[in-house]
file data.txt (compact mmCIF, N, CA and C atoms)
# COMPACT_ATOMS: atom_id res chain seq x y z
N MET A 218 52.42 2.61 63.01
CA MET A 218 51.38 2.14 62.12
C MET A 218 50.20 3.11 62.11
N ARG A 219 49.84 3.62 63.30
CA ARG A 219 48.72 4.55 63.38
C ARG A 219 49.00 5.80 62.53
N GLY A 220 50.23 6.31 62.55
CA GLY A 220 50.59 7.47 61.75
C GLY A 220 50.43 7.18 60.26
N PHE A 221 50.74 5.97 59.84
CA PHE A 221 50.59 5.58 58.45
C PHE A 221 49.11 5.60 58.05
N ILE A 222 48.26 5.04 58.89
CA ILE A 222 46.83 4.98 58.60
C ILE A 222 46.24 6.39 58.54
N VAL A 223 46.63 7.25 59.49
CA VAL A 223 46.15 8.63 59.48
C VAL A 223 46.60 9.33 58.20
N GLY A 224 47.82 9.10 57.77
CA GLY A 224 48.34 9.70 56.54
C GLY A 224 47.57 9.24 55.31
N VAL A 225 47.23 7.95 55.26
CA VAL A 225 46.47 7.42 54.13
C VAL A 225 45.08 8.06 54.09
N PHE A 226 44.42 8.17 55.26
CA PHE A 226 43.11 8.82 55.31
C PHE A 226 43.20 10.27 54.88
N ALA A 227 44.24 10.97 55.27
CA ALA A 227 44.41 12.37 54.87
C ALA A 227 44.58 12.47 53.36
N LEU A 228 45.35 11.56 52.79
CA LEU A 228 45.56 11.54 51.35
C LEU A 228 44.26 11.26 50.62
N LEU A 229 43.51 10.27 51.09
CA LEU A 229 42.23 9.93 50.47
C LEU A 229 41.22 11.06 50.60
N ALA A 230 41.21 11.75 51.71
CA ALA A 230 40.28 12.87 51.90
C ALA A 230 40.56 13.97 50.89
N GLY A 231 41.81 14.24 50.60
CA GLY A 231 42.17 15.25 49.60
C GLY A 231 41.76 14.84 48.21
N CYS A 232 41.79 13.55 47.91
CA CYS A 232 41.42 13.07 46.58
C CYS A 232 39.92 13.06 46.37
N SER A 233 39.16 13.05 47.45
CA SER A 233 37.71 12.96 47.28
C SER A 233 37.03 14.31 47.33
N SER A 234 37.79 15.37 47.21
CA SER A 234 37.21 16.71 47.25
C SER A 234 36.26 16.92 46.08
N ASN A 235 35.21 17.70 46.30
CA ASN A 235 34.26 18.01 45.25
C ASN A 235 34.66 19.23 44.44
N GLN A 236 35.79 19.84 44.77
CA GLN A 236 36.25 21.01 44.02
C GLN A 236 36.80 20.58 42.68
N PRO A 237 36.65 21.42 41.64
CA PRO A 237 37.29 21.12 40.36
C PRO A 237 38.80 21.04 40.52
N VAL A 238 39.43 20.28 39.63
CA VAL A 238 40.88 20.09 39.69
C VAL A 238 41.61 21.42 39.69
N ALA A 239 41.18 22.38 38.88
CA ALA A 239 41.86 23.67 38.80
C ALA A 239 41.86 24.37 40.15
N GLU A 240 40.78 24.26 40.92
CA GLU A 240 40.72 24.90 42.22
C GLU A 240 41.58 24.17 43.24
N GLN A 241 41.66 22.86 43.14
CA GLN A 241 42.46 22.09 44.08
C GLN A 241 43.94 22.42 43.96
N THR A 242 44.39 22.75 42.77
CA THR A 242 45.82 22.96 42.56
C THR A 242 46.20 24.43 42.44
N ALA A 243 45.24 25.33 42.63
CA ALA A 243 45.52 26.76 42.43
C ALA A 243 46.61 27.27 43.36
N ASP A 244 46.72 26.71 44.57
CA ASP A 244 47.72 27.20 45.51
C ASP A 244 49.13 26.79 45.14
N THR A 245 49.30 25.87 44.20
CA THR A 245 50.64 25.44 43.80
C THR A 245 51.21 26.32 42.69
N GLY A 246 50.34 27.15 42.10
CA GLY A 246 50.81 27.98 41.00
C GLY A 246 50.77 27.26 39.67
N THR A 247 50.47 25.97 39.67
CA THR A 247 50.37 25.20 38.45
C THR A 247 48.95 24.73 38.31
N GLU A 248 48.16 25.47 37.56
CA GLU A 248 46.75 25.15 37.44
C GLU A 248 46.55 24.06 36.40
N MET A 249 45.85 23.03 36.80
CA MET A 249 45.52 21.96 35.89
C MET A 249 44.12 22.20 35.36
N PRO A 250 43.85 21.87 34.10
CA PRO A 250 42.52 22.12 33.55
C PRO A 250 41.50 21.16 34.14
N SER A 251 40.27 21.62 34.28
CA SER A 251 39.19 20.74 34.71
C SER A 251 38.65 20.03 33.49
N ALA A 252 37.76 19.07 33.72
CA ALA A 252 37.21 18.29 32.61
C ALA A 252 36.41 19.16 31.65
N SER A 253 35.86 20.27 32.12
CA SER A 253 35.05 21.11 31.24
C SER A 253 35.90 22.01 30.34
N ALA A 254 37.18 22.12 30.60
CA ALA A 254 38.05 22.95 29.77
C ALA A 254 39.29 22.16 29.40
N PRO A 255 39.20 21.33 28.33
CA PRO A 255 40.33 20.51 27.97
C PRO A 255 41.55 21.33 27.57
N ALA A 256 42.71 20.82 27.89
CA ALA A 256 43.95 21.52 27.56
C ALA A 256 44.24 21.36 26.07
N THR A 257 44.85 22.36 25.50
CA THR A 257 45.29 22.27 24.12
C THR A 257 46.75 22.69 24.08
N ASN A 258 47.48 22.13 23.15
CA ASN A 258 48.89 22.47 22.98
C ASN A 258 49.08 23.18 21.65
N GLU A 259 48.08 23.93 21.23
CA GLU A 259 48.13 24.55 19.92
C GLU A 259 48.85 25.88 19.90
N GLY A 260 49.09 26.47 21.04
CA GLY A 260 49.76 27.77 21.07
C GLY A 260 48.89 28.83 20.45
N GLY A 261 49.50 29.82 19.83
CA GLY A 261 48.75 30.86 19.15
C GLY A 261 48.81 32.19 19.88
N THR A 262 48.05 33.15 19.36
CA THR A 262 48.02 34.50 19.88
C THR A 262 46.64 34.78 20.49
N PRO A 263 46.56 34.93 21.81
CA PRO A 263 45.27 35.24 22.43
C PRO A 263 44.79 36.64 22.04
N TYR A 264 43.49 36.80 21.95
CA TYR A 264 42.89 38.12 21.70
C TYR A 264 41.53 38.16 22.38
N THR A 265 40.98 39.35 22.52
CA THR A 265 39.70 39.50 23.20
C THR A 265 38.60 39.91 22.24
N VAL A 266 37.39 39.51 22.60
CA VAL A 266 36.19 39.91 21.88
C VAL A 266 35.27 40.54 22.92
N PRO A 267 35.19 41.88 22.93
CA PRO A 267 34.41 42.57 23.97
C PRO A 267 32.96 42.10 24.08
N SER A 268 32.35 41.73 22.97
CA SER A 268 30.96 41.29 23.01
C SER A 268 30.80 39.86 23.52
N ASP A 269 31.91 39.17 23.74
CA ASP A 269 31.89 37.77 24.22
C ASP A 269 33.00 37.62 25.26
N ALA A 270 32.96 38.47 26.28
CA ALA A 270 34.06 38.56 27.24
C ALA A 270 34.24 37.31 28.10
N ARG A 271 33.23 36.46 28.20
CA ARG A 271 33.36 35.24 29.02
C ARG A 271 34.11 34.13 28.30
N ALA A 272 34.28 34.26 27.01
CA ALA A 272 35.01 33.25 26.23
C ALA A 272 36.44 33.72 26.00
N SER A 273 37.31 32.76 25.71
CA SER A 273 38.69 33.12 25.35
C SER A 273 38.91 32.75 23.88
N TYR A 274 39.66 33.58 23.20
CA TYR A 274 39.91 33.42 21.77
C TYR A 274 41.41 33.37 21.52
N VAL A 275 41.80 32.55 20.53
CA VAL A 275 43.21 32.43 20.15
C VAL A 275 43.30 32.36 18.63
N LEU A 276 44.17 33.19 18.06
CA LEU A 276 44.50 33.09 16.64
C LEU A 276 45.55 32.00 16.54
N LEU A 277 45.22 30.91 15.83
CA LEU A 277 46.12 29.75 15.75
C LEU A 277 47.08 29.83 14.58
N SER A 278 46.60 30.33 13.44
CA SER A 278 47.48 30.40 12.27
C SER A 278 46.98 31.44 11.28
N VAL A 279 47.92 31.96 10.50
CA VAL A 279 47.62 32.86 9.38
C VAL A 279 48.45 32.37 8.21
N LYS A 280 47.78 32.08 7.08
CA LYS A 280 48.48 31.61 5.88
C LYS A 280 48.03 32.43 4.69
N PRO A 281 48.87 32.49 3.67
CA PRO A 281 48.47 33.20 2.46
C PRO A 281 47.32 32.47 1.77
N GLY A 282 46.39 33.23 1.23
CA GLY A 282 45.29 32.67 0.45
C GLY A 282 45.38 33.16 -0.98
N ASP A 283 44.28 33.07 -1.70
CA ASP A 283 44.23 33.55 -3.09
C ASP A 283 44.01 35.06 -3.13
N ASP A 284 44.40 35.67 -4.23
CA ASP A 284 44.13 37.09 -4.49
C ASP A 284 44.66 38.03 -3.42
N GLY A 285 45.74 37.67 -2.75
CA GLY A 285 46.31 38.52 -1.71
C GLY A 285 45.58 38.44 -0.37
N HIS A 286 44.60 37.57 -0.28
CA HIS A 286 43.88 37.38 0.98
C HIS A 286 44.70 36.50 1.91
N ILE A 287 44.27 36.44 3.17
CA ILE A 287 44.89 35.52 4.12
C ILE A 287 43.81 34.57 4.65
N ILE A 288 44.26 33.44 5.17
CA ILE A 288 43.39 32.45 5.80
C ILE A 288 43.78 32.39 7.27
N ALA A 289 42.83 32.64 8.15
CA ALA A 289 43.10 32.67 9.59
C ALA A 289 42.28 31.61 10.31
N MET A 290 42.95 30.79 11.09
CA MET A 290 42.30 29.76 11.92
C MET A 290 42.25 30.28 13.35
N THR A 291 41.06 30.25 13.97
CA THR A 291 40.90 30.71 15.35
C THR A 291 40.22 29.63 16.19
N ARG A 292 40.42 29.74 17.50
CA ARG A 292 39.77 28.83 18.46
C ARG A 292 39.03 29.67 19.49
N ARG A 293 37.79 29.30 19.80
CA ARG A 293 37.00 29.92 20.86
C ARG A 293 36.77 28.88 21.93
N THR A 294 37.05 29.24 23.19
CA THR A 294 36.77 28.37 24.32
C THR A 294 35.80 29.11 25.23
N GLY A 295 34.63 28.54 25.42
CA GLY A 295 33.61 29.17 26.24
C GLY A 295 32.81 28.13 26.99
N SER A 296 31.71 28.56 27.59
CA SER A 296 30.89 27.66 28.40
C SER A 296 30.28 26.53 27.57
N SER A 297 30.13 26.73 26.27
CA SER A 297 29.57 25.68 25.40
C SER A 297 30.64 24.73 24.87
N GLY A 298 31.90 24.98 25.20
CA GLY A 298 32.98 24.12 24.75
C GLY A 298 33.96 24.85 23.85
N ILE A 299 34.65 24.08 23.03
CA ILE A 299 35.66 24.62 22.13
C ILE A 299 35.15 24.53 20.70
N SER A 300 35.35 25.60 19.94
CA SER A 300 35.00 25.59 18.52
C SER A 300 36.11 26.27 17.74
N TYR A 301 36.19 25.92 16.47
CA TYR A 301 37.22 26.45 15.59
C TYR A 301 36.56 27.11 14.38
N SER A 302 37.20 28.16 13.90
CA SER A 302 36.71 28.86 12.70
C SER A 302 37.89 29.14 11.77
N ASN A 303 37.64 28.95 10.49
CA ASN A 303 38.62 29.26 9.47
C ASN A 303 38.00 30.35 8.61
N ARG A 304 38.68 31.47 8.49
CA ARG A 304 38.14 32.61 7.76
C ARG A 304 39.09 33.02 6.64
N GLU A 305 38.50 33.42 5.52
CA GLU A 305 39.25 34.08 4.46
C GLU A 305 39.10 35.57 4.71
N ILE A 306 40.20 36.31 4.66
CA ILE A 306 40.20 37.72 5.02
C ILE A 306 40.89 38.54 3.94
N ASP A 307 40.24 39.64 3.57
CA ASP A 307 40.84 40.65 2.69
C ASP A 307 41.19 41.82 3.61
N CYS A 308 42.44 41.90 4.03
CA CYS A 308 42.87 42.94 4.99
C CYS A 308 42.70 44.34 4.42
N ALA A 309 43.04 44.53 3.14
CA ALA A 309 42.97 45.87 2.55
C ALA A 309 41.54 46.41 2.53
N ALA A 310 40.58 45.57 2.20
CA ALA A 310 39.18 46.01 2.11
C ALA A 310 38.41 45.78 3.41
N GLN A 311 39.05 45.13 4.40
CA GLN A 311 38.39 44.80 5.67
C GLN A 311 37.11 44.00 5.44
N LEU A 312 37.27 42.89 4.70
CA LEU A 312 36.19 41.96 4.40
C LEU A 312 36.58 40.57 4.89
N ALA A 313 35.59 39.75 5.19
CA ALA A 313 35.88 38.39 5.63
C ALA A 313 34.71 37.48 5.35
N ARG A 314 34.99 36.17 5.35
CA ARG A 314 33.95 35.16 5.27
C ARG A 314 34.46 33.88 5.93
N TYR A 315 33.51 33.13 6.48
CA TYR A 315 33.85 31.83 7.05
C TYR A 315 34.01 30.84 5.90
N ILE A 316 35.12 30.09 5.95
CA ILE A 316 35.31 29.05 4.93
C ILE A 316 35.35 27.67 5.56
N GLY A 317 35.24 27.62 6.88
CA GLY A 317 35.18 26.35 7.59
C GLY A 317 34.95 26.58 9.07
N GLU A 318 34.20 25.68 9.69
CA GLU A 318 33.91 25.76 11.12
C GLU A 318 33.75 24.35 11.67
N GLY A 319 33.97 24.20 12.97
CA GLY A 319 33.73 22.90 13.57
C GLY A 319 34.17 22.82 15.02
N ASP A 320 33.89 21.68 15.62
CA ASP A 320 34.26 21.42 17.00
C ASP A 320 35.72 21.00 17.13
N THR A 321 36.36 20.68 16.00
CA THR A 321 37.78 20.33 15.99
C THR A 321 38.47 21.15 14.90
N ARG A 322 39.76 21.26 15.03
CA ARG A 322 40.52 22.00 14.01
C ARG A 322 40.40 21.30 12.66
N GLU A 323 40.40 19.98 12.67
CA GLU A 323 40.29 19.22 11.43
C GLU A 323 38.97 19.51 10.72
N GLU A 324 37.86 19.61 11.48
CA GLU A 324 36.56 19.93 10.88
C GLU A 324 36.59 21.33 10.26
N ALA A 325 37.19 22.28 10.95
CA ALA A 325 37.24 23.66 10.46
C ALA A 325 38.12 23.80 9.23
N GLU A 326 39.08 22.90 9.06
CA GLU A 326 39.95 22.96 7.89
C GLU A 326 39.29 22.41 6.63
N LYS A 327 38.18 21.68 6.81
CA LYS A 327 37.45 21.17 5.64
C LYS A 327 36.70 22.33 5.01
N PRO A 328 36.78 22.46 3.68
CA PRO A 328 36.10 23.59 3.01
C PRO A 328 34.59 23.55 3.23
N SER A 329 34.04 24.71 3.49
CA SER A 329 32.59 24.85 3.61
C SER A 329 31.96 24.61 2.25
N PRO A 330 30.83 23.90 2.18
CA PRO A 330 30.21 23.65 0.88
C PRO A 330 29.67 24.92 0.21
N ASN A 331 29.34 25.93 1.00
CA ASN A 331 28.82 27.19 0.45
C ASN A 331 29.30 28.35 1.31
N PRO A 332 30.55 28.81 1.11
CA PRO A 332 31.09 29.84 1.99
C PRO A 332 30.47 31.22 1.83
N GLY A 333 29.76 31.46 0.76
CA GLY A 333 29.16 32.78 0.56
C GLY A 333 30.18 33.82 0.12
N GLU A 334 29.72 35.05 0.07
CA GLU A 334 30.56 36.16 -0.38
C GLU A 334 31.29 36.79 0.81
N MET A 335 32.38 37.48 0.51
CA MET A 335 33.07 38.26 1.52
C MET A 335 32.13 39.37 1.98
N ALA A 336 32.16 39.68 3.27
CA ALA A 336 31.24 40.69 3.82
C ALA A 336 32.01 41.70 4.67
N SER A 337 31.43 42.87 4.80
CA SER A 337 31.99 43.91 5.67
C SER A 337 31.95 43.44 7.12
N LEU A 338 32.85 43.99 7.90
CA LEU A 338 32.94 43.61 9.30
C LEU A 338 31.93 44.37 10.15
N VAL A 339 31.43 43.69 11.18
CA VAL A 339 30.56 44.33 12.16
C VAL A 339 31.42 44.63 13.37
N GLU A 340 31.60 45.89 13.67
CA GLU A 340 32.45 46.29 14.78
C GLU A 340 32.00 45.61 16.08
N GLY A 341 32.96 45.05 16.80
CA GLY A 341 32.69 44.37 18.07
C GLY A 341 32.41 42.89 17.93
N SER A 342 32.23 42.41 16.70
CA SER A 342 31.96 40.99 16.50
C SER A 342 33.23 40.16 16.64
N SER A 343 33.06 38.85 16.77
CA SER A 343 34.23 37.98 16.87
C SER A 343 35.03 38.00 15.58
N THR A 344 34.36 38.13 14.44
CA THR A 344 35.09 38.20 13.17
C THR A 344 35.89 39.50 13.08
N HIS A 345 35.30 40.60 13.52
CA HIS A 345 36.02 41.87 13.52
C HIS A 345 37.31 41.76 14.33
N ALA A 346 37.21 41.20 15.53
CA ALA A 346 38.40 41.04 16.39
C ALA A 346 39.42 40.11 15.75
N ALA A 347 38.96 39.01 15.17
CA ALA A 347 39.88 38.06 14.53
C ALA A 347 40.59 38.69 13.35
N VAL A 348 39.88 39.49 12.56
CA VAL A 348 40.48 40.15 11.40
C VAL A 348 41.56 41.13 11.84
N GLN A 349 41.30 41.90 12.89
CA GLN A 349 42.28 42.87 13.37
C GLN A 349 43.57 42.17 13.77
N VAL A 350 43.45 41.09 14.51
CA VAL A 350 44.65 40.35 14.98
C VAL A 350 45.34 39.66 13.81
N ALA A 351 44.56 39.00 12.95
CA ALA A 351 45.16 38.26 11.83
C ALA A 351 45.87 39.19 10.85
N CYS A 352 45.26 40.33 10.54
CA CYS A 352 45.88 41.27 9.60
C CYS A 352 47.15 41.88 10.17
N ALA A 353 47.21 42.06 11.48
CA ALA A 353 48.43 42.56 12.12
C ALA A 353 49.54 41.52 12.04
N LYS A 354 49.18 40.23 12.04
CA LYS A 354 50.17 39.14 11.96
C LYS A 354 50.55 38.84 10.52
N GLY A 355 49.56 38.94 9.60
CA GLY A 355 49.74 38.49 8.22
C GLY A 355 50.42 39.43 7.38

call {"tool": "encode", "arguments": {"input": "data.txt", "output": "structure tokens"}}
result
Amino acid sequence: MRGFIVGVFALLAGCSSNQPVAEQTADTGTEMPSASAPATNEGGTPYTVPSDARASYVLLSVKPGDDGHIIAMTRRTGSSGISYSNREIDCAAQLARYIGEGDTREEAEKPSPNPGEMASLVEGSSTHAAVQVACAKG
């Protein structure tokens, strides 16, 4: 009986750790996400943005748009949370514009009320990186 009680206390002590879940399970090789970084099952193509190296970026989809343009949906995960961007891209002219943004993919898929004109890319920006990856896929 004493062995059982000691085992229960050992189990409870492990559950009451102040470490994030990801750190508790790192030694198993199967890292579980902590509450600050929710898991997503969206897949996609990861890419980097040198000017925002602390965040992770994923190209989620590329679809045909009007006039030979493409529509690219991306996800950014950083210290402020997860955000989504939908961009219209002219690969040939290296132009882009945001056509939707939001905290969820559904919000980003809603058309922006005033998307503005297509603009030239700023080297090193998140849009520049997204365009390079999307045009290679599209």

call {"tool": "residues_near_point", "arguments": {"input": "data.txt", "point": "(38.2, 22.4, 7.7)", "cutoff": "12 Å", "atoms": "only C-alpha atoms", "output": "list in words"}}
result
Ile288, Ala289, Met290, Thr291, Ser300, Tyr301, Ser302, Asn303, Arg304, Tyr315, Ile316, Gly317, Glu318, Gly319, Asp320, Thr321, Arg322, Glu323, Glu324, Ala325, Glu326, Lys327, Pro328, Ser329, Pro330 and Pro332 of chain A

call {"tool": "atom_distance", "arguments": {"input": "data.txt", "atom1": "atom CA of Lys280 of chain A", "atom2": "atom CA of Ser296 of chain A"}}
result
28.8 Å

call {"tool": "residues_around", "arguments": {"input": "data.txt", "residues": "Gly341 of chain A", "least_positions_apart": "3", "cutoff": "7 Å", "atoms": "only C-alpha atoms", "output": "short mmCIF file (atom, residue, chain, number, x, y, z; two decimals) with N, CA and C atoms, keeping the file's coordinate frame"}}
result
data_model
loop_
_atom_site.label_atom_id
_atom_site.label_comp_id
_atom_site.auth_asym_id
_atom_site.auth_seq_id
_atom_site.Cartn_x
_atom_site.Cartn_y
_atom_site.Cartn_z
N VAL A 266 37.39 39.51 22.60
CA VAL A 266 36.19 39.91 21.88
C VAL A 266 35.27 40.54 22.92
N PRO A 267 35.19 41.88 22.93
CA PRO A 267 34.41 42.57 23.97
C PRO A 267 32.96 42.10 24.08
N SER A 268 32.35 41.73 22.97
CA SER A 268 30.96 41.29 23.01
C SER A 268 30.80 39.86 23.52
N HIS A 345 35.30 40.60 13.52
CA HIS A 345 36.02 41.87 13.52
C HIS A 345 37.31 41.76 14.33
N ALA A 346 37.21 41.20 15.53
CA ALA A 346 38.40 41.04 16.39
C ALA A 346 39.42 40.11 15.75
#

call {"tool": "residues_around", "arguments": {"input": "data.txt", "residues": "Val348 of chain A", "least_positions_apart": "2", "cutoff": "8 Å", "atoms": "only N, CA and C atoms", "output": "ChimeraX atom specification"}}
result
/A:306-308,311-313,342-346,350-354

call {"tool": "atom_distance", "arguments": {"input": "data.txt", "atom1": "atom N of Glu334 of chain A", "atom2": "atom N of Ala309 of chain A"}}
result
16.6 Å

call {"tool": "closest_residue", "arguments": {"input": "data.txt", "among": "A:Thr294, A:Gln349, A:Asn331, A:Ser278", "to": "Gly260 of chain A", "atoms": "only N, CA and C atoms"}}
result
A:Ser278

call {"tool": "atom_distance", "arguments": {"input": "data.txt", "atom1": "atom CA of Leu277 of chain A", "atom2": "atom CA of Glu259 of chain A"}}
result
7.0 Å

call {"tool": "select_by_dssp", "arguments": {"input": "data.txt", "residues": "segment 242-332 of chain A", "states": "strand (DSSP E)", "output": "number ranges by chain"}}
result
A: 262-264, 273-281, 287-295, 298-307, 312-319

call {"tool": "select_by_dssp", "arguments": {"input": "data.txt", "residues": "segment 245-350 of chain A", "states": "helix (DSSP H, G or I)", "output": "mmCIF file with N, CA and C atoms, in the coordinates of the input"}}
result
data_model
loop_
_atom_site.group_PDB
_atom_site.id
_atom_site.type_symbol
_atom_site.label_atom_id
_atom_site.label_comp_id
_atom_site.auth_asym_id
_atom_site.auth_seq_id
_atom_site.Cartn_x
_atom_site.Cartn_y
_atom_site.Cartn_z
ATOM 1 N N THR A 245 49.300 25.870 44.200
ATOM 2 C CA THR A 245 50.640 25.440 43.800
ATOM 3 C C THR A 245 51.210 26.320 42.690
ATOM 4 N N PRO A 267 35.190 41.880 22.930
ATOM 5 C CA PRO A 267 34.410 42.570 23.970
ATOM 6 C C PRO A 267 32.960 42.100 24.080
ATOM 7 N N SER A 268 32.350 41.730 22.970
ATOM 8 C CA SER A 268 30.960 41.290 23.010
ATOM 9 C C SER A 268 30.800 39.860 23.520
ATOM 10 N N ASP A 269 31.910 39.170 23.740
ATOM 11 C CA ASP A 269 31.890 37.770 24.220
ATOM 12 C C ASP A 269 33.000 37.620 25.260
ATOM 13 N N ASP A 283 44.280 33.070 -1.700
ATOM 14 C CA ASP A 283 44.230 33.550 -3.090
ATOM 15 C C ASP A 283 44.010 35.060 -3.130
ATOM 16 N N ASP A 284 44.400 35.670 -4.230
ATOM 17 C CA ASP A 284 44.130 37.090 -4.490
ATOM 18 C C ASP A 284 44.660 38.030 -3.420
ATOM 19 N N GLY A 285 45.740 37.670 -2.750
ATOM 20 C CA GLY A 285 46.310 38.520 -1.710
ATOM 21 C C GLY A 285 45.580 38.440 -0.370
ATOM 22 N N ARG A 322 39.760 21.260 15.030
ATOM 23 C CA ARG A 322 40.520 22.000 14.010
ATOM 24 C C ARG A 322 40.400 21.300 12.660
ATOM 25 N N GLU A 323 40.400 19.980 12.670
ATOM 26 C CA GLU A 323 40.290 19.220 11.430
ATOM 27 C C GLU A 323 38.970 19.510 10.720
ATOM 28 N N GLU A 324 37.860 19.610 11.480
ATOM 29 C CA GLU A 324 36.560 19.930 10.880
ATOM 30 C C GLU A 324 36.590 21.330 10.260
ATOM 31 N N ALA A 325 37.190 22.280 10.950
ATOM 32 C CA ALA A 325 37.240 23.660 10.460
ATOM 33 C C ALA A 325 38.120 23.800 9.230
ATOM 34 N N GLU A 326 39.080 22.900 9.060
ATOM 35 C CA GLU A 326 39.950 22.960 7.890
ATOM 36 C C GLU A 326 39.290 22.410 6.630
ATOM 37 N N SER A 343 33.060 38.850 16.770
ATOM 38 C CA SER A 343 34.230 37.980 16.870
ATOM 39 C C SER A 343 35.030 38.000 15.580
ATOM 40 N N THR A 344 34.360 38.130 14.440
ATOM 41 C CA THR A 344 35.090 38.200 13.170
ATOM 42 C C THR A 344 35.890 39.500 13.080
ATOM 43 N N HIS A 345 35.300 40.600 13.520
ATOM 44 C CA HIS A 345 36.020 41.870 13.520
ATOM 45 C C HIS A 345 37.310 41.760 14.330
ATOM 46 N N ALA A 346 37.210 41.200 15.530
ATOM 47 C CA ALA A 346 38.400 41.040 16.390
ATOM 48 C C ALA A 346 39.420 40.110 15.750
ATOM 49 N N ALA A 347 38.960 39.010 15.170
ATOM 50 C CA ALA A 347 39.880 38.060 14.530
ATOM 51 C C ALA A 347 40.590 38.690 13.350
ATOM 52 N N VAL A 348 39.880 39.490 12.560
ATOM 53 C CA VAL A 348 40.480 40.150 11.400
ATOM 54 C C VAL A 348 41.560 41.130 11.840
ATOM 55 N N GLN A 349 41.300 41.900 12.890
ATOM 56 C CA GLN A 349 42.280 42.870 13.370
ATOM 57 C C GLN A 349 43.570 42.170 13.770
ATOM 58 N N VAL A 350 43.450 41.090 14.510
ATOM 59 C CA VAL A 350 44.650 40.350 14.980
ATOM 60 C C VAL A 350 45.340 39.660 13.810
#

call {"tool": "closest_residue", "arguments": {"input": "data.txt", "among": "A:Arg314, A:Glu340, A:Ser273, A:Glu305", "to": "Ile287 of chain A", "atoms": "only N, CA and C atoms"}}
result
A:Glu305

call {"tool": "closest_residue", "arguments": {"input": "data.txt", "among": "A:Ala336, A:Gly355, A:Pro263, A:Val275", "to": "Ile299 of chain A", "atoms": "only C-alpha atoms"}}
result
A:Val275
